[in-house]
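*Asks:* This one is work28.cif, mmCIF, C-alpha atoms and all ligand atoms.
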data_protein
loop_
_atom_site.label_atom_id
_atom_site.label_comp_id
_atom_site.auth_asym_id
_atom_site.auth_seq_id
_atom_site.Cartn_x
_atom_site.Cartn_y
_atom_site.Cartn_z
CA MET S 181 -72.92 -29.89 124.20
CA LEU S 182 -69.82 -28.41 122.64
CA ILE S 183 -70.96 -29.47 119.19
CA VAL S 184 -74.35 -27.86 119.70
CA CYS S 185 -72.69 -24.64 120.79
CA LEU S 186 -70.44 -24.65 117.77
CA ARG S 187 -73.38 -25.20 115.47
CA LYS S 188 -75.32 -22.42 117.07
CA ASN S 189 -72.38 -20.10 116.69
CA LYS S 190 -72.06 -20.97 113.02
CA LEU S 191 -75.72 -20.40 112.47
CA LEU S 192 -75.57 -16.99 114.13
CA LYS S 193 -72.61 -16.04 111.99
CA ALA S 194 -74.43 -17.18 108.87
CA ALA S 195 -77.51 -15.19 109.89
CA ALA S 196 -75.38 -12.10 110.51
CA ALA S 197 -73.67 -12.46 107.15
CA LEU S 198 -77.02 -12.88 105.45
CA SER S 199 -78.50 -9.77 107.05
CA VAL S 200 -75.46 -7.77 105.93
CA LEU S 201 -76.03 -9.01 102.40
CA VAL S 202 -79.72 -8.13 102.50
CA PHE S 203 -78.80 -4.69 103.83
CA ILE S 204 -76.30 -4.10 101.00
CA ALA S 205 -78.81 -5.27 98.40
CA ALA S 206 -81.46 -2.94 99.85
CA ALA S 207 -79.06 0.00 99.83
CA GLN S 208 -78.07 -0.54 96.22
CA GLN S 209 -81.45 -1.30 94.76
CA PRO S 210 -83.80 1.72 94.67
CA SER S 211 -86.99 0.65 96.40
CA ARG S 212 -89.61 2.57 94.41
CA SER S 213 -90.20 3.42 90.78
CA VAL S 214 -91.98 6.11 88.76
CA TRP S 215 -94.99 3.75 88.67
CA ASP S 216 -95.65 4.03 92.40
CA GLY S 217 -97.49 7.39 92.45
CA ILE S 218 -94.53 9.55 93.48
CA TYR S 219 -96.02 13.04 92.91
CA THR S 220 -99.44 14.66 93.36
CA ALA S 221 -101.82 16.03 90.72
CA ASP S 222 -101.70 19.48 92.42
CA GLN S 223 -97.93 19.50 92.25
CA ALA S 224 -98.02 18.63 88.55
CA ARG S 225 -100.47 21.51 87.94
CA ARG S 226 -98.12 23.96 89.67
CA GLY S 227 -95.31 22.48 87.61
CA ALA S 228 -97.23 22.97 84.37
CA ASP S 229 -97.36 26.75 84.99
CA LEU S 230 -93.65 26.86 85.79
CA TYR S 231 -92.88 24.71 82.77
CA ALA S 232 -94.82 27.09 80.50
CA ASP S 233 -92.77 30.01 81.87
CA GLN S 234 -89.33 28.44 82.06
CA CYS S 235 -89.09 25.57 79.60
CA ALA S 236 -91.75 25.71 76.88
CA SER S 237 -89.92 28.35 74.79
CA CYS S 238 -87.34 25.69 73.90
CA HIS S 239 -88.96 22.31 74.63
CA GLY S 240 -92.45 23.16 73.34
CA LEU S 241 -95.69 23.62 75.29
CA SER S 242 -96.57 19.94 75.04
CA LEU S 243 -92.95 18.84 75.73
CA ASN S 244 -92.54 17.69 72.17
CA GLY S 245 -89.25 19.49 71.59
CA GLY S 246 -88.23 22.52 69.56
CA GLU S 247 -85.73 23.46 66.89
CA MET S 248 -82.75 22.97 69.20
CA ALA S 249 -84.13 21.31 72.31
CA PRO S 250 -85.07 17.60 72.51
CA PRO S 251 -88.56 16.39 73.46
CA LEU S 252 -89.18 15.62 77.15
CA THR S 253 -91.68 12.91 76.31
CA GLY S 254 -91.81 9.95 73.93
CA GLY S 255 -89.53 7.07 73.01
CA GLU S 256 -86.18 8.78 72.88
CA PHE S 257 -86.68 10.62 76.16
CA MET S 258 -87.83 7.39 77.81
CA SER S 259 -84.84 5.40 76.60
CA ASN S 260 -82.44 8.19 77.66
CA TRP S 261 -83.63 7.90 81.28
CA ASN S 262 -84.72 4.27 81.49
CA GLY S 263 -82.69 2.46 84.16
CA LEU S 264 -81.48 5.68 85.78
CA THR S 265 -83.18 7.33 88.77
CA VAL S 266 -85.58 10.24 89.20
CA GLY S 267 -82.75 11.85 91.18
CA ASP S 268 -80.52 11.79 88.10
CA LEU S 269 -83.20 13.55 86.05
CA PHE S 270 -83.85 16.03 88.89
CA ASP S 271 -80.15 16.94 89.14
CA ARG S 272 -79.85 17.20 85.34
CA ILE S 273 -82.68 19.76 85.29
CA ARG S 274 -81.57 21.60 88.42
CA THR S 275 -77.95 22.05 87.35
CA THR S 276 -78.22 22.48 83.55
CA MET S 277 -81.70 23.89 82.81
CA PRO S 278 -83.08 26.29 81.67
CA ALA S 279 -80.20 26.07 79.21
CA ASP S 280 -79.98 29.88 79.00
CA ALA S 281 -79.94 30.32 82.82
CA PRO S 282 -78.83 27.08 84.53
CA GLY S 283 -79.22 26.94 88.31
CA LYS S 284 -82.01 29.52 88.26
CA LEU S 285 -84.63 27.10 89.67
CA ASN S 286 -84.67 26.14 93.33
CA ARG S 287 -85.36 22.58 94.45
CA ASP S 288 -89.09 23.19 95.06
CA LYS S 289 -89.64 24.53 91.56
CA THR S 290 -87.53 21.81 90.00
CA ALA S 291 -89.59 19.14 91.81
CA ASP S 292 -92.86 20.74 90.63
CA ILE S 293 -91.65 20.91 87.02
CA LEU S 294 -90.46 17.31 87.20
CA ALA S 295 -93.91 16.30 88.53
CA ASN S 296 -95.42 17.90 85.43
CA ILE S 297 -93.01 16.02 83.16
CA LEU S 298 -93.90 12.73 84.88
CA SER S 299 -97.59 13.52 84.53
CA VAL S 300 -97.35 14.29 80.80
CA ASN S 301 -95.45 11.01 80.38
CA MET S 302 -98.45 9.20 81.92
CA PHE S 303 -96.78 8.03 85.10
CA PRO S 304 -99.52 7.88 87.76
CA ALA S 305 -100.04 10.59 90.41
CA GLY S 306 -100.22 9.59 94.08
CA LYS S 307 -100.89 11.00 97.54
CA THR S 308 -97.50 12.48 98.45
CA GLU S 309 -95.53 15.15 96.65
CA LEU S 310 -92.31 14.41 94.87
CA PRO S 311 -89.53 15.10 97.40
CA ARG S 312 -86.87 17.78 96.84
CA GLN S 313 -83.80 15.93 98.14
CA SER S 314 -81.58 14.33 95.51
CA GLU S 315 -80.65 11.46 97.88
CA VAL S 316 -84.31 10.51 98.33
CA LEU S 317 -85.01 10.89 94.61
CA LYS S 318 -82.04 8.66 93.81
CA ASP S 319 -84.01 5.91 95.50
CA ILE S 320 -86.75 6.05 92.85
CA ARG S 321 -86.09 4.14 89.62
CA PHE S 322 -86.97 5.63 86.26
CA GLU S 323 -88.55 2.72 84.36
CA ALA S 324 -90.04 3.25 80.91
CA GLN S 325 -92.17 0.12 81.25
CA LYS S 326 -94.11 -0.96 84.31
CA LYS S 327 -92.58 -4.17 85.67
C1 LIG W 1 -82.91 28.08 75.99
C2 LIG W 1 -83.50 26.80 75.62
C3 LIG W 1 -83.86 25.85 76.74
C4 LIG W 1 -84.66 26.08 77.83
C5 LIG W 1 -85.34 27.38 78.25
C6 LIG W 1 -84.73 24.83 78.54
N1 LIG W 1 -84.01 23.85 77.90
FE1 LIG W 1 -83.80 21.90 78.43
N2 LIG W 1 -82.53 21.57 76.90
C7 LIG W 1 -82.20 22.51 75.94
C8 LIG W 1 -81.25 21.92 75.01
C9 LIG W 1 -80.63 22.63 73.81
C10 LIG W 1 -81.02 20.58 75.46
C11 LIG W 1 -80.07 19.56 74.82
C12 LIG W 1 -78.64 19.97 75.00
C13 LIG W 1 -78.26 19.94 76.45
O1 LIG W 1 -78.36 18.89 77.03
O2 LIG W 1 -77.89 20.98 76.99
C14 LIG W 1 -81.86 20.40 76.64
C15 LIG W 1 -81.93 19.22 77.34
C16 LIG W 1 -82.81 18.99 78.39
C17 LIG W 1 -82.99 17.73 79.06
C18 LIG W 1 -82.32 16.42 78.74
C19 LIG W 1 -83.24 15.63 77.81
C20 LIG W 1 -82.80 14.20 77.60
O3 LIG W 1 -83.57 13.44 77.01
O4 LIG W 1 -81.73 13.81 78.05
C21 LIG W 1 -83.93 17.93 80.01
C22 LIG W 1 -84.49 16.88 80.99
C23 LIG W 1 -84.34 19.30 79.97
N3 LIG W 1 -83.65 19.93 78.96
C24 LIG W 1 -85.29 19.87 80.78
C25 LIG W 1 -85.60 21.24 80.78
C26 LIG W 1 -86.52 21.85 81.71
C27 LIG W 1 -87.28 21.10 82.78
C28 LIG W 1 -86.54 23.19 81.43
C29 LIG W 1 -87.28 24.27 82.18
C30 LIG W 1 -86.88 24.44 83.55
C31 LIG W 1 -85.66 23.41 80.30
N4 LIG W 1 -85.10 22.20 79.94
C32 LIG W 1 -85.45 24.64 79.71
C33 LIG W 1 -82.67 23.79 75.85
C34 LIG W 1 -83.46 24.44 76.78
#
Using structure tokens, write down the structure from this file.
Ligand code: HEC
*Replies:*
Amino acid sequence: MLIVCLRKNKLLKAAAALSVLVFIAAAQQPSRSVWDGIYTADQARRGADLYADQCASCHGLSLNGGEMAPPLTGGEFMSNWNGLTVGDLFDRIRTTMPADAPGKLNRDKTADILANILSVNMFPAGKTELPRQSEVLKDIRFEAQKK
């Protein structure tokens, strides 16, 4: 009887330890990626208008870069952000762009513009809009290649 109890206790402890591990792994590993339809087509269209107003003068209408500003599409852009999160890219835009007036865009506008950038880069649209909270966006992986 005693032995059975001890075993049971050990098992419970092992199960508890395992669930803690699973929890930690889940917290560290973003659960979605840019391939999961994380913005809507409507949002990207709104973002395209904002992009034309706020970003195109430097980054080009088709995001292909300008004299000073880098492209926001193509191989170099992809490798710059590959392995980071959509939240990192969101915060980069929100806090440093437009380069001549950083901080000018609110979270809604930044999310719409980012949806447009994702759309031009051929990541698929989905049924829900790209969220505006950095913490939620940090849970979405930026992956150049679909895994
Ligand atoms: C006045 C010119 C100018 C405008 C307007 C501008 N940018 Fe930039 N942007 C730059 C320059 C120059 C860089 C590179 C130097 C730097 O990082 O500041 C850059 C860098 C970036 C990067 C980093 C690219 C990479 O591969 O790491 C992103 C993303 C970006 N801009 C997005 C935007 C968005 C979105 C807008 C519109 C809201 C915008 N920019 C408006 C000049 C501009």
*Asks:* If we count only C-alpha atoms, what is near S:Glu323 at a cut-off of 7 Å, once residues fewer than 3 positions away on the same chain are taken out, given as an MDAnalysis selection string?
*Replies:* chainID S and resid 213:214 262:263 326
*Asks:* Please extract the residues at most 6 Å from ligand LIG 1 (chain W), counting only C-alpha atoms and all ligand atoms, and provide them as a list of chain:residue names, using the chain letters and residue numbers of this document.
*Replies:*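 The residues near ligand LIG 1 (chain W) are S:Tyr231, S:Gln234, S:Cys235, S:Ser237, S:Cys238, S:Met248, S:Ala249, S:Pro250, S:Leu252, S:Phe257, S:Asn260, S:Ile273, S:Met277, S:Pro278, S:Ala279, S:Asp280.
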*Asks:* Taking only C-alpha atoms into account, name the residue in S:Leu230, S:Ala197, S:Leu317, S:Leu192 that is nearest to S:Leu264.
*Replies:*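 Of all the options, S:Leu317 lies closest to S:Leu264.
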*Asks:* Pick out the closest residue to S:Ser314 from this set: S:Thr275, S:Thr253, S:Thr220, S:Ser242. Count only C-alpha atoms.
*Replies:*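 Comparing S:Thr275, S:Thr253, S:Thr220, S:Ser242 against S:Ser314, the winner is S:Thr275.
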*Asks:* Using all atoms listed in the file, pick whichever of S:Lys307, S:Lys318, S:Arg225, S:Arg272 has the shortest atom-to-atom distance to S:Ile293.
*Replies:* S:Arg225
*Asks:* Would you mind telling me which residue in S:Ala224, S:Ala324, S:Leu294, S:Phe303 lies nearest to S:Glu256 when using all atoms listed in the file?
*Replies:*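 Closest to S:Glu256 of all the choices is S:Ala324.
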*Asks:* Taking all atoms listed in the file into account, which of S:Leu241, S:Leu191, S:Ala291, S:Ile320 comes nearest S:Gly227?
*Replies:*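 The shortest atom-to-atom distance to S:Gly227 comes from S:Ala291.
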*Asks:* S:Val316, S:Leu243, S:Ile218, S:Leu285: which is nearest S:Asn301, counting all atoms listed in the file?
*Replies:*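 Of S:Val316, S:Leu243, S:Ile218, S:Leu285, the one nearest S:Asn301 is S:Leu243, counting all atoms listed in the file.
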*Asks:* Rounded to one decimal in Å, what is the spacing between atom CA of S:Gly217 and atom CA of S:Gly254?
*Replies:*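 Going from atom CA of S:Gly217 over to atom CA of S:Gly254, I get 19.5 Å.
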